[in-house]
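Peer 1: My file is final_5.csv. It has CSV, C-alpha atoms:
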```csv
chain,number,residue,atom,x,y,z
A,29,MET,CA,-65.6,71.0,-25.6
A,30,GLU,CA,-64.6,70.8,-21.9
A,31,VAL,CA,-61.8,68.5,-20.7
A,32,PRO,CA,-63.5,65.3,-19.4
A,33,GLY,CA,-63.0,64.5,-15.7
A,34,TRP,CA,-61.3,61.2,-16.5
A,35,LEU,CA,-58.5,62.9,-18.4
A,36,GLU,CA,-58.0,65.5,-15.6
A,37,THR,CA,-57.8,62.6,-13.1
A,38,LEU,CA,-55.4,60.8,-15.3
A,39,ALA,CA,-53.1,63.8,-15.6
A,40,GLU,CA,-53.1,64.2,-11.8
A,41,ARG,CA,-52.2,60.5,-11.3
A,42,ALA,CA,-49.6,60.5,-14.0
A,43,ALA,CA,-47.7,63.2,-12.3
A,44,ARG,CA,-47.4,61.1,-9.2
A,45,THR,CA,-46.9,57.7,-10.8
A,46,PRO,CA,-43.3,56.2,-10.2
A,47,VAL,CA,-41.4,55.3,-13.3
A,48,PRO,CA,-40.8,51.5,-13.7
A,49,PRO,CA,-37.2,50.5,-13.2
A,50,MET,CA,-36.7,49.5,-16.8
A,51,LEU,CA,-37.9,52.9,-18.1
A,52,ARG,CA,-35.9,55.1,-15.7
A,53,PRO,CA,-33.5,57.5,-17.5
A,54,PRO,CA,-29.8,57.1,-16.8
A,55,ALA,CA,-28.0,59.6,-14.6
A,56,SER,CA,-26.6,61.3,-17.7
A,57,GLY,CA,-26.9,61.1,-21.5
A,58,GLY,CA,-29.8,60.4,-23.7
A,59,ARG,CA,-31.5,62.8,-26.2
A,60,PRO,CA,-34.5,64.8,-24.8
A,61,ALA,CA,-37.7,63.8,-26.7
A,62,ALA,CA,-41.4,64.1,-26.4
A,63,VAL,CA,-44.6,62.4,-27.6
A,64,LEU,CA,-48.1,63.7,-27.7
A,65,MET,CA,-50.8,61.5,-26.2
A,66,LEU,CA,-53.7,63.2,-27.7
A,67,PHE,CA,-57.2,62.2,-26.6
A,68,GLY,CA,-60.4,63.3,-28.3
A,69,GLU,CA,-64.1,62.4,-28.5
A,70,GLY,CA,-64.9,60.5,-31.7
A,71,PRO,CA,-67.9,58.7,-33.1
A,72,LEU,CA,-67.2,55.6,-30.9
A,73,GLY,CA,-66.4,57.6,-27.7
A,74,PRO,CA,-63.0,58.7,-26.4
A,75,ASP,CA,-60.1,57.9,-28.7
A,76,VAL,CA,-56.3,58.4,-28.9
A,77,LEU,CA,-54.2,59.5,-31.9
A,78,LEU,CA,-51.6,57.0,-33.1
A,79,ILE,CA,-49.3,56.9,-36.1
A,80,GLN,CA,-47.6,54.0,-37.9
A,81,ARG,CA,-44.0,54.9,-38.5
A,82,SER,CA,-42.6,54.4,-42.0
A,83,SER,CA,-41.0,51.1,-42.7
A,84,ARG,CA,-38.2,53.1,-44.3
A,85,GLY,CA,-37.4,54.9,-41.0
A,86,ARG,CA,-34.0,54.7,-39.3
A,87,THR,CA,-35.3,53.8,-35.8
A,88,HIS,CA,-38.6,52.1,-34.7
A,89,ALA,CA,-39.4,51.4,-38.3
A,90,GLY,CA,-42.9,50.3,-39.0
A,91,GLN,CA,-44.0,50.6,-35.4
A,92,PRO,CA,-47.3,52.2,-34.2
A,93,ALA,CA,-46.5,55.2,-31.9
A,94,PHE,CA,-47.6,58.4,-30.5
A,95,PRO,CA,-46.7,61.4,-32.7
A,96,GLY,CA,-43.4,62.9,-31.4
A,97,GLY,CA,-39.7,63.2,-31.7
A,98,GLY,CA,-36.6,64.9,-30.4
A,99,VAL,CA,-36.7,68.2,-28.6
A,100,ASP,CA,-34.9,70.7,-30.9
A,101,PRO,CA,-32.9,73.7,-29.5
A,102,GLU,CA,-35.6,76.1,-30.8
A,103,ASP,CA,-38.4,74.3,-29.0
A,104,ASP,CA,-39.5,75.8,-25.7
A,105,GLY,CA,-39.3,72.4,-23.9
A,106,PRO,CA,-41.1,69.0,-24.4
A,107,ILE,CA,-44.6,70.4,-24.8
A,108,ALA,CA,-43.6,72.6,-27.7
A,109,ALA,CA,-41.7,69.7,-29.3
A,110,ALA,CA,-44.6,67.3,-29.0
A,111,LEU,CA,-47.0,69.8,-30.6
A,112,ARG,CA,-44.5,70.6,-33.4
A,113,GLU,CA,-43.8,67.0,-34.2
A,114,ALA,CA,-47.5,66.1,-34.2
A,115,GLN,CA,-48.1,69.0,-36.6
A,116,GLU,CA,-45.3,67.9,-38.9
A,117,GLU,CA,-46.2,64.2,-38.8
A,118,THR,CA,-50.1,64.4,-39.0
A,119,GLY,CA,-51.1,67.9,-40.1
A,120,LEU,CA,-52.5,68.5,-36.6
A,121,ASP,CA,-53.6,72.1,-35.8
A,122,PRO,CA,-52.0,72.8,-32.3
A,123,ALA,CA,-54.6,75.5,-31.8
A,124,GLY,CA,-57.2,72.7,-31.4
A,125,VAL,CA,-55.3,71.1,-28.5
A,126,ARG,CA,-55.3,71.9,-24.8
A,127,VAL,CA,-52.3,70.5,-23.0
A,128,ILE,CA,-53.4,68.9,-19.7
A,129,GLY,CA,-50.0,68.0,-18.3
A,130,THR,CA,-47.0,65.8,-18.7
A,131,MET,CA,-45.9,62.4,-17.4
A,132,SER,CA,-42.5,61.6,-15.9
A,133,GLU,CA,-39.6,61.3,-18.3
A,134,LEU,CA,-39.2,57.7,-19.7
A,135,TYR,CA,-36.1,56.2,-21.2
A,136,VAL,CA,-36.1,54.3,-24.5
A,137,GLY,CA,-32.8,52.5,-24.7
A,138,HIS,CA,-32.9,51.4,-28.4
A,139,SER,CA,-33.0,55.0,-29.6
A,140,ASP,CA,-31.3,56.5,-26.5
A,141,ASN,CA,-34.2,59.0,-26.0
A,142,ARG,CA,-35.4,60.5,-22.8
A,143,VAL,CA,-39.1,60.8,-23.6
A,144,THR,CA,-41.6,63.1,-21.9
A,145,PRO,CA,-45.2,62.1,-22.7
A,146,VAL,CA,-47.5,65.1,-23.1
A,147,LEU,CA,-51.2,64.7,-22.3
A,148,GLY,CA,-53.5,66.6,-24.5
A,149,TRP,CA,-57.3,67.1,-25.1
A,150,TRP,CA,-58.4,67.6,-28.7
A,151,HIS,CA,-61.2,70.1,-28.1
A,152,THR,CA,-61.4,71.1,-31.8
A,153,PRO,CA,-60.5,68.1,-34.0
A,154,CYS,CA,-59.2,68.6,-37.5
A,155,VAL,CA,-58.5,66.2,-40.4
A,156,VAL,CA,-55.2,64.4,-39.9
A,157,HIS,CA,-53.1,62.4,-42.3
A,158,ALA,CA,-49.6,61.1,-43.0
A,159,ALA,CA,-48.2,64.6,-43.5
A,160,SER,CA,-44.6,63.4,-43.6
A,161,PRO,CA,-44.5,60.2,-45.8
A,162,ASP,CA,-40.8,59.6,-45.2
A,163,GLU,CA,-41.6,59.3,-41.4
A,164,VAL,CA,-45.2,58.2,-41.2
A,165,GLU,CA,-47.2,55.6,-43.2
A,166,SER,CA,-50.6,56.1,-41.6
A,167,VAL,CA,-52.5,58.0,-38.9
A,168,GLU,CA,-55.4,56.5,-36.8
A,169,ARG,CA,-57.8,57.8,-34.2
A,170,VAL,CA,-58.1,54.6,-32.2
A,171,PRO,CA,-61.2,54.3,-29.9
A,172,ILE,CA,-60.5,53.5,-26.3
A,173,ARG,CA,-63.3,50.9,-26.4
A,174,GLU,CA,-61.2,49.0,-29.0
A,175,LEU,CA,-58.0,49.2,-27.0
A,176,VAL,CA,-59.7,47.8,-23.8
A,177,ASP,CA,-61.6,45.1,-25.6
A,178,PRO,CA,-60.1,41.9,-24.1
A,179,ALA,CA,-60.2,40.3,-27.6
A,180,ASN,CA,-57.6,42.9,-28.8
A,181,ARG,CA,-55.2,42.5,-25.9
A,182,LEU,CA,-52.2,40.2,-25.5
A,183,ARG,CA,-48.7,40.0,-24.4
A,184,LEU,CA,-45.7,39.7,-26.8
A,185,ARG,CA,-42.5,38.0,-26.0
A,186,HIS,CA,-39.3,39.6,-27.4
A,187,SER,CA,-36.4,37.5,-28.5
A,188,SER,CA,-34.6,38.8,-25.4
A,189,GLY,CA,-37.2,37.0,-23.3
A,190,TYR,CA,-39.0,40.2,-22.2
A,191,CYS,CA,-42.7,39.9,-22.3
A,192,GLY,CA,-44.8,43.1,-22.5
A,193,PRO,CA,-48.4,44.2,-23.2
A,194,ALA,CA,-49.6,44.6,-26.8
A,195,PHE,CA,-52.8,45.5,-28.7
A,196,ARG,CA,-54.2,44.5,-32.1
A,197,VAL,CA,-56.4,47.3,-33.3
A,198,ARG,CA,-57.3,48.9,-36.6
A,199,GLY,CA,-54.8,46.6,-38.4
A,200,LEU,CA,-52.0,47.7,-36.1
A,201,LEU,CA,-49.9,45.7,-33.8
A,202,VAL,CA,-49.1,48.1,-31.0
A,203,TRP,CA,-46.2,46.9,-28.8
A,204,GLY,CA,-43.1,48.1,-27.1
A,205,PHE,CA,-42.8,51.5,-25.5
A,206,THR,CA,-46.2,52.8,-26.9
A,207,ALA,CA,-48.1,49.7,-25.7
A,208,GLY,CA,-46.5,49.9,-22.3
A,209,VAL,CA,-47.5,53.5,-21.8
A,210,LEU,CA,-51.0,52.8,-23.1
A,211,ASP,CA,-51.4,49.9,-20.7
A,212,GLY,CA,-50.6,52.1,-17.7
A,213,VAL,CA,-52.8,54.9,-18.9
A,214,LEU,CA,-55.8,52.7,-19.5
A,215,ALA,CA,-55.4,51.3,-16.0
A,216,SER,CA,-55.0,54.7,-14.4
A,217,SER,CA,-58.0,56.2,-16.3
A,218,GLY,CA,-60.4,53.5,-15.1
A,219,PHE,CA,-61.1,52.3,-18.7
A,220,GLU,CA,-59.3,48.9,-18.4
A,221,LEU,CA,-61.3,45.8,-18.5
A,222,PRO,CA,-60.2,42.3,-17.3
A,223,TRP,CA,-58.2,40.5,-20.0
A,224,ASP,CA,-56.3,37.3,-20.4
A,225,ARG,CA,-52.7,38.0,-19.4
A,226,SER,CA,-51.8,34.4,-20.1
A,227,ARG,CA,-52.3,35.0,-23.8
A,228,VAL,CA,-48.7,35.3,-24.9
A,229,GLU,CA,-47.4,35.3,-28.5
A,230,GLU,CA,-43.9,35.6,-30.0
A,231,LEU,CA,-43.0,38.9,-31.5
A,232,PRO,CA,-43.3,38.4,-35.3
A,233,PRO,CA,-39.8,38.2,-36.9
A,234,ASP,CA,-40.6,40.7,-39.6
A,235,VAL,CA,-41.8,43.2,-37.0
A,236,LEU,CA,-38.7,42.6,-34.9
A,237,ASN,CA,-36.4,43.0,-37.9
A,238,LEU,CA,-37.8,46.3,-38.9
A,239,ALA,CA,-37.7,47.7,-35.3
A,240,SER,CA,-34.1,46.5,-34.8
A,241,ARG,CA,-32.6,48.8,-37.4
```
In structure tokens, write the structure found in this file.

Peer 2:
Amino acid sequence: MEVPGWLETLAERAARTPVPPMLRPPASGGRPAAVLMLFGEGPLGPDVLLIQRSSRGRTHAGQPAFPGGGVDPEDDGPIAAALREAQEETGLDPAGVRVIGTMSELYVGHSDNRVTPVLGWWHTPCVVHAASPDEVESVERVPIRELVDPANRLRLRHSSGYCGPAFRVRGLLVWGFTAGVLDGVLASSGFELPWDRSRVEELPPDVLNLASR
């Protein structure tokens, strides 16, 4: 299956998009990491692969996320790390993925990670599952049409006062770093629909407690 034009355009734009100030990596320090933003064509149109991290995890516990993790010394850079982590976490066959490009490095302060998002096209989908139960509770292919549905969009206010985009889809509350990246990607890809940005809710305490470990 050929790479869709919207994804090629997204990759081109992503390479030129400035990093927001709050996500800019520090001058030094931080662990190199990578995530795989894997897009495919599902029964309901284009979709993206997300995982829900285990509630037993040490960092970002219980949070929906893109597959990914730290870049190990034996990895040949962030692309190799993103594919390896996705395989370990979801059982993904990397042979079915075509890497389209990478986005600028983003900084996640809570875990001190310098994250490179890797854009991929799932030309030959395979069955995926929570292949590493200690790290992943579930795996979902989330249709883009559900992410852009205005009924599924909101903003969440953190106890710090920060208010960021969020999504309620497939029983998942997607927020934080993952929601911020998705928000930008949906806008750049042309999929975004108008939604009520005045819909603001407080981040649920149980979600915050898990993520603050």

Peer 1: Restricting the calculation to only C-alpha atoms, which member of A:Glu165, A:Pro101, A:Glu230, A:Gly148 is positioned closest to Ser188 of chain A?

Peer 2: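 Closest candidate: A:Glu230.
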
Peer 1: With 8 Å as the cut-off and all atoms listed in the file counted, what is the closest atom pair between each nearby residue of segment 192-226 of chain A and segment 75-95 of chain A? Distances in Å to one decimal, ordered by chain and number, as a tab-separated table.

Peer 2:
```
residue	atom	partner	partner_atom	distance
A:Leu200	CA	A:Pro92	CA	6.8
A:Leu201	CA	A:Pro92	CA	7.0
A:Val202	CA	A:Pro92	CA	5.5
A:Trp203	CA	A:Pro92	CA	7.6
A:Thr206	CA	A:Ala93	CA	5.6
```

Peer 1: Which of these, A:Thr37, A:Val176, A:Val146, A:Arg181, has the shortest distance to Leu134 of chain A once you count all atoms listed in the file?

Peer 2: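 Closest to Leu134 of chain A, using all atoms listed in the file: A:Val146.
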
Peer 1: Would you mind telling me which residue in A:Ala62, A:Leu236, A:Ala42, A:Met29 lies nearest to Asp103 of chain A when using all atoms listed in the file?

Peer 2: A:Ala62

Peer 1: Which of these, A:Asp140, A:Glu174, A:Pro232, A:His157, has the shortest distance to Ser56 of chain A once you count all atoms listed in the file?

Peer 2: A:Asp140

Peer 1: Determine, counting all atoms listed in the file, which protein, DNA and RNA residues have an atom within 6 Å of an atom of Gly68 of chain A; residues of the same chain fewer than 3 positions away are not included. Present the result as a list in words.

Peer 2: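 Non-adjacent residues within range: Pro74, Asp75, Trp149 and Trp150 of chain A.
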
Peer 1: For the selection you just gave me, I'd like the residues written to a file as an mmCIF file, in the coordinates of the input, keeping C-alpha atoms.

Peer 2:
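See selection24.cif below for the written result:
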```cif
data_model
loop_
_atom_site.group_PDB
_atom_site.id
_atom_site.type_symbol
_atom_site.label_atom_id
_atom_site.label_comp_id
_atom_site.auth_asym_id
_atom_site.auth_seq_id
_atom_site.Cartn_x
_atom_site.Cartn_y
_atom_site.Cartn_z
ATOM 1 C CA PRO A 74 -63.000 58.700 -26.400
ATOM 2 C CA ASP A 75 -60.100 57.900 -28.700
ATOM 3 C CA TRP A 149 -57.300 67.100 -25.100
ATOM 4 C CA TRP A 150 -58.400 67.600 -28.700
#
```

Peer 1: Report the distance between atom CA of Val155 of chain A and atom CA of Gly119 of chain A in Å, rounded to one decimal place.

Peer 2: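 About the pair atom CA of Val155 of chain A and atom CA of Gly119 of chain A: they are 7.6 Å apart.
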
Peer 1: With distances taken over only C-alpha atoms, which residue among A:Tyr190, A:Trp223, A:Trp34, A:Phe195 lies nearest Val209 of chain A?

Peer 2: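 Nearest to Val209 of chain A: A:Phe195.
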
Peer 1: Taking into account only C-alpha atoms, which residue in the set A:Asp121, A:Ala159, A:Glu229, A:His151 is nearest to Gly189 of chain A?

Peer 2: A:Glu229

Peer 1: Enter the distance from atom CA of Ser160 of chain A to atom CA of Val31 of chain A, in Å, rounded to one decimal.

Peer 2: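 Taking atom CA of Ser160 of chain A as the start and atom CA of Val31 of chain A as the end point, the length is 29.1 Å.
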
Peer 1: Counting only C-alpha atoms, find the residues whose atoms lie at most 7 Å from (-52.9, 36.2, -26.1) (file coordinates) and write them out as a ChimeraX atom specification.

Peer 2: /A:181-183,224-229

Peer 1: Which polymer residues, whether protein, DNA or RNA, lie within 10 Å of the coordinate (-61.9, 53.1, -36.0) when you count all atoms listed in the file? List them as a list in words, using the chain letters and numbers from the file.

Peer 2: Gly70, Pro71, Leu72, Asp75, Glu168, Arg169, Val170, Pro171, Ile172, Arg173, Glu174, Val197, Arg198 and Gly199 of chain A

Peer 1: For the atom pair atom CA of Gly97 of chain A and atom CA of Glu113 of chain A, what is the interatomic distance in Å to one decimal place?

Peer 2: 6.1 Å

Peer 1: Find the spatial neighbours of Pro46 of chain A, counting all atoms listed in the file, within a cut-off of 12 Å - ignore same-chain residues fewer than 2 positions away - and output them as a list in words.

Peer 2: Arg41, Ala42, Ala43, Arg44, Pro48, Pro49, Met50, Leu51, Arg52, Met131, Ser132, Glu133, Leu134 and Gly212 of chain A

Peer 1: If you keep C-alpha atoms, can you produce a file of those selected residues as a PDB file, in the frame of the given file?

Peer 2:
```
ATOM      1  CA  ARG A  41     -52.200  60.500 -11.300  1.00  0.00           C
ATOM      2  CA  ALA A  42     -49.600  60.500 -14.000  1.00  0.00           C
ATOM      3  CA  ALA A  43     -47.700  63.200 -12.300  1.00  0.00           C
ATOM      4  CA  ARG A  44     -47.400  61.100  -9.200  1.00  0.00           C
ATOM      5  CA  PRO A  48     -40.800  51.500 -13.700  1.00  0.00           C
ATOM      6  CA  PRO A  49     -37.200  50.500 -13.200  1.00  0.00           C
ATOM      7  CA  MET A  50     -36.700  49.500 -16.800  1.00  0.00           C
ATOM      8  CA  LEU A  51     -37.900  52.900 -18.100  1.00  0.00           C
ATOM      9  CA  ARG A  52     -35.900  55.100 -15.700  1.00  0.00           C
ATOM     10  CA  MET A 131     -45.900  62.400 -17.400  1.00  0.00           C
ATOM     11  CA  SER A 132     -42.500  61.600 -15.900  1.00  0.00           C
ATOM     12  CA  GLU A 133     -39.600  61.300 -18.300  1.00  0.00           C
ATOM     13  CA  LEU A 134     -39.200  57.700 -19.700  1.00  0.00           C
ATOM     14  CA  GLY A 212     -50.600  52.100 -17.700  1.00  0.00           C
TER      15      GLY A 212
END
```

Peer 1: Identify, on the basis of only C-alpha atoms, every residue whose closest approach to Val63 of chain A does not exceed 9 Å; exclude the query and any residue fewer than 2 positions from it along the same chain; express the result as a list in words.

Peer 2: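 Answer for this query is Ala61, Met65, Ala93, Phe94, Pro95, Gly96, Gly97, Gly98, Pro106, Ile107, Ala109, Ala110, Leu111, Glu113, Ala114, Val143, Thr144, Pro145, Val146 and Leu147 of chain A.
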
Peer 1: Just want the 12 Å neighbourhood of Gly33 of chain A, counted on only C-alpha atoms, with same-chain residues fewer than 3 positions away dropped. Output as a PDB file with C-alpha atoms, in the coordinates of the input.

Peer 2:
```
ATOM      1  CA  GLU A  30     -64.600  70.800 -21.900  1.00  0.00           C
ATOM      2  CA  GLU A  36     -58.000  65.500 -15.600  1.00  0.00           C
ATOM      3  CA  THR A  37     -57.800  62.600 -13.100  1.00  0.00           C
ATOM      4  CA  LEU A  38     -55.400  60.800 -15.300  1.00  0.00           C
ATOM      5  CA  ALA A  39     -53.100  63.800 -15.600  1.00  0.00           C
ATOM      6  CA  GLU A  40     -53.100  64.200 -11.800  1.00  0.00           C
ATOM      7  CA  ILE A 128     -53.400  68.900 -19.700  1.00  0.00           C
ATOM      8  CA  TRP A 149     -57.300  67.100 -25.100  1.00  0.00           C
ATOM      9  CA  SER A 217     -58.000  56.200 -16.300  1.00  0.00           C
ATOM     10  CA  GLY A 218     -60.400  53.500 -15.100  1.00  0.00           C
TER      11      GLY A 218
END
```

Peer 1: What would segment 196-227 of chain A look like with N, CA and C atoms in place, written as a CSV table (one decimal), in the coordinates of the input?

Peer 2:
```
chain,number,residue,atom,x,y,z
A,196,ARG,N,-53.9,44.6,-30.6
A,196,ARG,CA,-54.2,44.5,-32.1
A,196,ARG,C,-55.5,45.3,-32.4
A,197,VAL,N,-55.3,46.4,-33.0
A,197,VAL,CA,-56.4,47.3,-33.3
A,197,VAL,C,-56.2,48.0,-34.6
A,198,ARG,N,-57.3,48.1,-35.4
A,198,ARG,CA,-57.3,48.9,-36.6
A,198,ARG,C,-56.2,48.4,-37.6
A,199,GLY,N,-55.9,47.1,-37.6
A,199,GLY,CA,-54.8,46.6,-38.4
A,199,GLY,C,-53.5,46.9,-37.9
A,200,LEU,N,-53.3,47.4,-36.7
A,200,LEU,CA,-52.0,47.7,-36.1
A,200,LEU,C,-51.7,46.7,-35.0
A,201,LEU,N,-50.4,46.4,-34.9
A,201,LEU,CA,-49.9,45.7,-33.8
A,201,LEU,C,-49.1,46.6,-32.9
A,202,VAL,N,-49.7,47.1,-31.8
A,202,VAL,CA,-49.1,48.1,-31.0
A,202,VAL,C,-48.4,47.4,-29.9
A,203,TRP,N,-47.1,47.6,-29.8
A,203,TRP,CA,-46.2,46.9,-28.8
A,203,TRP,C,-45.1,47.9,-28.3
A,204,GLY,N,-44.2,47.3,-27.5
A,204,GLY,CA,-43.1,48.1,-27.1
A,204,GLY,C,-43.4,49.3,-26.2
A,205,PHE,N,-42.7,50.3,-26.3
A,205,PHE,CA,-42.8,51.5,-25.5
A,205,PHE,C,-44.3,52.1,-25.5
A,206,THR,N,-44.8,52.2,-26.7
A,206,THR,CA,-46.2,52.8,-26.9
A,206,THR,C,-47.2,51.9,-26.2
A,207,ALA,N,-47.1,50.6,-26.3
A,207,ALA,CA,-48.1,49.7,-25.7
A,207,ALA,C,-47.9,49.8,-24.2
A,208,GLY,N,-46.7,49.9,-23.7
A,208,GLY,CA,-46.5,49.9,-22.3
A,208,GLY,C,-47.1,51.2,-21.6
A,209,VAL,N,-46.9,52.3,-22.3
A,209,VAL,CA,-47.5,53.5,-21.8
A,209,VAL,C,-49.0,53.5,-21.9
A,210,LEU,N,-49.6,53.0,-23.0
A,210,LEU,CA,-51.0,52.8,-23.1
A,210,LEU,C,-51.6,51.9,-22.0
A,211,ASP,N,-50.9,50.8,-21.8
A,211,ASP,CA,-51.4,49.9,-20.7
A,211,ASP,C,-51.5,50.6,-19.4
A,212,GLY,N,-50.5,51.4,-19.0
A,212,GLY,CA,-50.6,52.1,-17.7
A,212,GLY,C,-51.6,53.2,-17.7
A,213,VAL,N,-51.8,53.9,-18.9
A,213,VAL,CA,-52.8,54.9,-18.9
A,213,VAL,C,-54.2,54.4,-18.8
A,214,LEU,N,-54.5,53.3,-19.5
A,214,LEU,CA,-55.8,52.7,-19.5
A,214,LEU,C,-56.2,52.2,-18.0
A,215,ALA,N,-55.2,51.7,-17.3
A,215,ALA,CA,-55.4,51.3,-16.0
A,215,ALA,C,-55.7,52.5,-15.1
A,216,SER,N,-54.9,53.5,-15.2
A,216,SER,CA,-55.0,54.7,-14.4
A,216,SER,C,-56.3,55.5,-14.7
A,217,SER,N,-56.8,55.4,-15.9
A,217,SER,CA,-58.0,56.2,-16.3
A,217,SER,C,-59.3,55.5,-15.9
A,218,GLY,N,-59.2,54.2,-15.5
A,218,GLY,CA,-60.4,53.5,-15.1
A,218,GLY,C,-61.1,52.8,-16.3
A,219,PHE,N,-60.5,52.9,-17.5
A,219,PHE,CA,-61.1,52.3,-18.7
A,219,PHE,C,-60.8,50.8,-18.8
A,220,GLU,N,-59.7,50.3,-18.2
A,220,GLU,CA,-59.3,48.9,-18.4
A,220,GLU,C,-60.3,47.9,-18.0
A,221,LEU,N,-60.5,46.9,-18.8
A,221,LEU,CA,-61.3,45.8,-18.5
A,221,LEU,C,-60.5,44.5,-18.3
A,222,PRO,N,-61.0,43.6,-17.5
A,222,PRO,CA,-60.2,42.3,-17.3
A,222,PRO,C,-59.9,41.7,-18.6
A,223,TRP,N,-58.6,41.2,-18.7
A,223,TRP,CA,-58.2,40.5,-20.0
A,223,TRP,C,-57.2,39.4,-19.6
A,224,ASP,N,-57.1,38.5,-20.6
A,224,ASP,CA,-56.3,37.3,-20.4
A,224,ASP,C,-54.8,37.5,-20.5
A,225,ARG,N,-54.1,37.7,-19.4
A,225,ARG,CA,-52.7,38.0,-19.4
A,225,ARG,C,-51.8,36.8,-19.7
A,226,SER,N,-52.5,35.6,-19.8
A,226,SER,CA,-51.8,34.4,-20.1
A,226,SER,C,-51.7,34.2,-21.6
A,227,ARG,N,-52.4,35.1,-22.4
A,227,ARG,CA,-52.3,35.0,-23.8
A,227,ARG,C,-51.0,35.7,-24.3
```
